[in-house]
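A short worksheet on the structure shown next.
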Amino acid sequence: MTSRGVCTAICAVVTGMATLSWAQVPGPNNAITDVPGIKVGHFTANQTGTTVVLAGDSNGQGVAGGITQRGGSPGTRETDLLKPENMVQIVNAITLSGGGAYGLAAASGVMRCLEGQGIGFPVGGGNVVPIVPAAVSFDAGQCRVGASRPDLSFGLQACQNAATGPVQQGNVGAGAGAVSGGVRGGIGTASVVLDNGIIVGAIVALNSQGSAFTPEGDLYASALALPNEFDSVLSGKTLKGTKVNLVRTDGILRSGTNAVVATNVQLTKAQAIKIAEMADDGLARALTPTHSPYDSDTVFAVGTGRITMQSLGDPTLVQHQIGSAAANVLARAVMHALVSGESTACHPSYCDTYTKACLKKPKQK
């Protein structure tokens with residue numbers, strides 16, 4: 001291609017990007033369940049738990065999924081199946097769980113739940129195999145390490161509890177034993193609706209080696225919050241001069257942040273992988289450091305197929321738009337997880353550590 005041809009091609013892309021829709025408002029629940037076809041269920045017991053994200057197209061069948069994994073200590077299951085070259089093209093659910101490697105057993109319970117509903121990849125004779133990738137984190141927030149571990153029953157219960165609508169945040173499900181930057185982590189979720197009909201949502205189990213805030217308590221990702229999003233939680237006061245030196249006692253490998261992002265747009269596996277890669281930057285925007293040797297930092301992406309790529313315009317530009325939105329939504333979900341955490345005898349919450357930063361929060365139901 002000549003230099004003039006390259007210039008013409010670049011100008012065409014830039015012009016196309018200028019026509020994309022970027023106006024952003026949260027969905028009605030500001031949760032991943034604002035994406036049609038997504039349900040979320042938690043099960044919590046003894047400072048640990050499991051969170052399940054069910055994903056279905058308009059016929060209740062599986063959807064395309066992708067993954068990126070950039071931390072040095074992953075704990076995962078069935079993630080190789082998400083590579084584009086592998087045969088199965090759909091996932092039915094994604095399991096996030098505490099318990100470290102032991103917690104991977106929870107995915108078997110999700111499989112049993114879905115099999116009972118006839119949901120899964122057909123293998124003949126009326127039999128199905130539910131496709132349920134999983135990622136786990138180490139419950140640093142348990143006052144006694146390994147006091148309880150999710151098993152098959154956790155995944156079964158979380159799947160049976162899955163629903164649309166508001167999503168409980170904080171120390172529930174996979175976030176029950178979570179710690180982030182020396183304070184309580186937990187489950188956080190957020191969504192965005194763009195004015196061309198694209199919806200993007202995220203849910204995160206925040207259990208990170210890195211911190212989401214400066215020593216003075218200022219949130220790294222605060223500039224990404226949508227208007228009025230945290231008005232009922234954060235005071236908006238400057239925290240300069242209130243530096244807190246947190247005592248970090250979590251130790252090696254007691255971490256692992258995992259997330260799911262979803263959109264109502266139909267995706268291929270390759271497109272889902274690229275969107276997961278772009279969404280993963282949301283962790284880097286919200287946490288410092290991130291992708292460390294101690295972290296999992298596993299991000300899944302799914303598309304529930306309510307809108308086709310082609311109906312929105314150039315698929316590459318639409319993919320770019322979804323990935324860009326997903327990164328910001330995931331960063332916002334991290335903030336929601338942090339401010340929803342509750343103190344225990346072993347770890348304080350962010351809001352109890354930086355009391356000027358937070359308004360009095362209502363108790364989680």
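Chain labels run A, B, ... following the order of the structure tokens; each chain numbers its residues from 1, and ligands are numbered from 1 in the order shown.
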
Determine, using only C-alpha atoms, which residues of range 154-241 of chain A have any atom at most 8 Å from an atom of range 324-341 of chain A, and tabulate each with its shortest atom pair and distance in Å to one decimal place, rows ordered by chain and then rising number, as JSON lines.
{"residue": "A:Gln169", "atom": "CA", "partner": "A:Ser340", "partner_atom": "CA", "distance": 6.3}
{"residue": "A:Gly170", "atom": "CA", "partner": "A:Ser340", "partner_atom": "CA", "distance": 4.5}
{"residue": "A:Asn171", "atom": "CA", "partner": "A:Gly341", "partner_atom": "CA", "distance": 5.9}
{"residue": "A:Ser180", "atom": "CA", "partner": "A:Leu338", "partner_atom": "CA", "distance": 7.7}
{"residue": "A:Arg184", "atom": "CA", "partner": "A:Gly341", "partner_atom": "CA", "distance": 5.3}
{"residue": "A:Gly185", "atom": "CA", "partner": "A:Leu338", "partner_atom": "CA", "distance": 5.2}
{"residue": "A:Gly186", "atom": "CA", "partner": "A:Ala337", "partner_atom": "CA", "distance": 5.0}
{"residue": "A:Ile187", "atom": "CA", "partner": "A:Ala337", "partner_atom": "CA", "distance": 4.9}
{"residue": "A:Gly188", "atom": "CA", "partner": "A:Ala337", "partner_atom": "CA", "distance": 3.7}
{"residue": "A:Thr189", "atom": "CA", "partner": "A:Ala333", "partner_atom": "CA", "distance": 4.3}
{"residue": "A:Ala190", "atom": "CA", "partner": "A:Ala333", "partner_atom": "CA", "distance": 5.0}
{"residue": "A:Ser191", "atom": "CA", "partner": "A:Val329", "partner_atom": "CA", "distance": 5.9}
{"residue": "A:Val192", "atom": "CA", "partner": "A:Val329", "partner_atom": "CA", "distance": 6.8}
{"residue": "A:Val200", "atom": "CA", "partner": "A:Ala326", "partner_atom": "CA", "distance": 6.2}
{"residue": "A:Gly201", "atom": "CA", "partner": "A:Val329", "partner_atom": "CA", "distance": 6.5}
{"residue": "A:Ala202", "atom": "CA", "partner": "A:Leu330", "partner_atom": "CA", "distance": 5.4}
{"residue": "A:Ile203", "atom": "CA", "partner": "A:Ala333", "partner_atom": "CA", "distance": 6.2}
{"residue": "A:Val204", "atom": "CA", "partner": "A:Ala333", "partner_atom": "CA", "distance": 6.4}
{"residue": "A:Ala205", "atom": "CA", "partner": "A:Ala337", "partner_atom": "CA", "distance": 7.6}
{"residue": "A:Leu206", "atom": "CA", "partner": "A:Ala337", "partner_atom": "CA", "distance": 6.5}
{"residue": "A:Ala212", "atom": "CA", "partner": "A:Met335", "partner_atom": "CA", "distance": 7.4}
{"residue": "A:Leu219", "atom": "CA", "partner": "A:Met335", "partner_atom": "CA", "distance": 7.6}
{"residue": "A:Ala221", "atom": "CA", "partner": "A:Ala331", "partner_atom": "CA", "distance": 6.4}
{"residue": "A:Ser222", "atom": "CA", "partner": "A:Met335", "partner_atom": "CA", "distance": 7.9}
{"residue": "A:Leu224", "atom": "CA", "partner": "A:Asn328", "partner_atom": "CA", "distance": 6.4}
{"residue": "A:Ala225", "atom": "CA", "partner": "A:Arg332", "partner_atom": "CA", "distance": 6.2}
{"residue": "A:Val233", "atom": "CA", "partner": "A:Val339", "partner_atom": "CA", "distance": 7.4}

Taking only residues of range 177-216 of chain A that have an atom at most 8 Å from an atom of range 293-314 of chain A, what is each one's shortest atom pair and its distance in Å to one decimal, using only C-alpha atoms, in chain and number order, as a Markdown table?
| residue | atom | partner | partner_atom | distance |
| --- | --- | --- | --- | --- |
| A:Asn196 | CA | A:Leu312 | CA | 7.8 |
| A:Ile198 | CA | A:Ile307 | CA | 7.9 |
| A:Ser208 | CA | A:Asp295 | CA | 6.5 |
| A:Gln209 | CA | A:Asp295 | CA | 6.4 |

Exercise for review: Just the residues within 8 Å of Gly100 in chain A, please, counting only C-alpha atoms, with nothing from its chain fewer than 6 positions along; format it as an NGL selection string.
Suggested key: :A and (75 or 136-139)

Review point. Mind checking DSSP for range 135-284 of chain A and telling me the strand (DSSP E) residues as an MDAnalysis selection string?
Key: chainID A and resid 135:136 179:180 183:184 186:194 199:206 258:265

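Put simply, CA of Gly236 in chain A is 6.6 Å away from CA of Ala357 in chain A.
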
**Study point:** Residues of range 95-230 of chain A in alpha helix (DSSP H), written as JSON, numbers by chain
**Key:** {"A": [106, 107, 108, 109, 110, 111, 112, 113, 114, 115, 116, 152, 153, 154, 155, 156, 157, 158, 159, 160]}

Exercise for review: May I have the residues within 9 Å of Val88 in chain A as a ChimeraX atom specification, using only C-alpha atoms and disregarding those fewer than 6 positions away in the same chain?
Suggested key: /A:81-82,121,131

Mind dumping a table of every range 148-175 of chain A residue within 7 Å of range 49-63 of chain A, with the nearest atom pair and its distance in Å to one decimal, using only C-alpha atoms, sorted by chain and rising number, as a Markdown table?
| residue | atom | partner | partner_atom | distance |
| --- | --- | --- | --- | --- |
| A:Pro150 | CA | A:Gly49 | CA | 5.9 |
| A:Phe154 | CA | A:Thr50 | CA | 6.1 |
| A:Gly155 | CA | A:Thr50 | CA | 6.2 |
| A:Ala158 | CA | A:Val52 | CA | 6.0 |
| A:Cys159 | CA | A:Val52 | CA | 6.0 |
| A:Val172 | CA | A:Gly49 | CA | 6.8 |
| A:Gly173 | CA | A:Gly49 | CA | 4.1 |
| A:Ala174 | CA | A:Thr50 | CA | 4.4 |

Can you write out the residues you just picked, keeping N, CA and C atoms, as a compact mmCIF listing (two decimals), in the first residue's frame?
# COMPACT_ATOMS: atom_id res chain seq x y z
N PRO A 150 -15.00 -23.63 49.58
CA PRO A 150 -16.14 -23.95 48.71
C PRO A 150 -15.98 -25.33 48.08
N PHE A 154 -21.45 -25.48 47.16
CA PHE A 154 -21.44 -24.02 47.03
C PHE A 154 -21.87 -23.61 45.62
N GLY A 155 -21.29 -24.27 44.62
CA GLY A 155 -21.64 -23.94 43.24
C GLY A 155 -23.08 -24.25 42.93
N ALA A 158 -25.21 -21.53 44.64
CA ALA A 158 -25.06 -20.24 43.96
C ALA A 158 -25.82 -20.23 42.65
N CYS A 159 -25.75 -21.32 41.91
CA CYS A 159 -26.47 -21.44 40.64
C CYS A 159 -27.98 -21.38 40.86
N VAL A 172 -19.82 -11.10 50.12
CA VAL A 172 -20.72 -12.21 49.81
C VAL A 172 -20.08 -13.04 48.71
N GLY A 173 -20.55 -14.27 48.56
CA GLY A 173 -20.07 -15.11 47.47
C GLY A 173 -18.56 -15.17 47.41
N ALA A 174 -18.03 -15.01 46.20
CA ALA A 174 -16.58 -15.09 46.00
C ALA A 174 -15.83 -13.97 46.68

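Using only C-alpha atoms, the nearest neighbour of Met87 in chain A within the list A:Lys269, A:His42, A:Gly124, A:Pro133 is A:Lys269.
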
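Between CA of Ala135 in chain A and CA of Leu96 in chain A the separation is 5.2 Å.
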
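Contact shell of Pro227 in chain A at 10 Å (only C-alpha atoms; same-chain neighbours under 4 positions omitted): Gln24, Val25, Pro26 and Asp231 of chain A.
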
Revision key, fill the gap. Restricting to only C-alpha atoms, whichever of A:Gly210, A:Lys83, A:Ala176, A:Asn264 is closest to His291 in chain A is A:Gly210
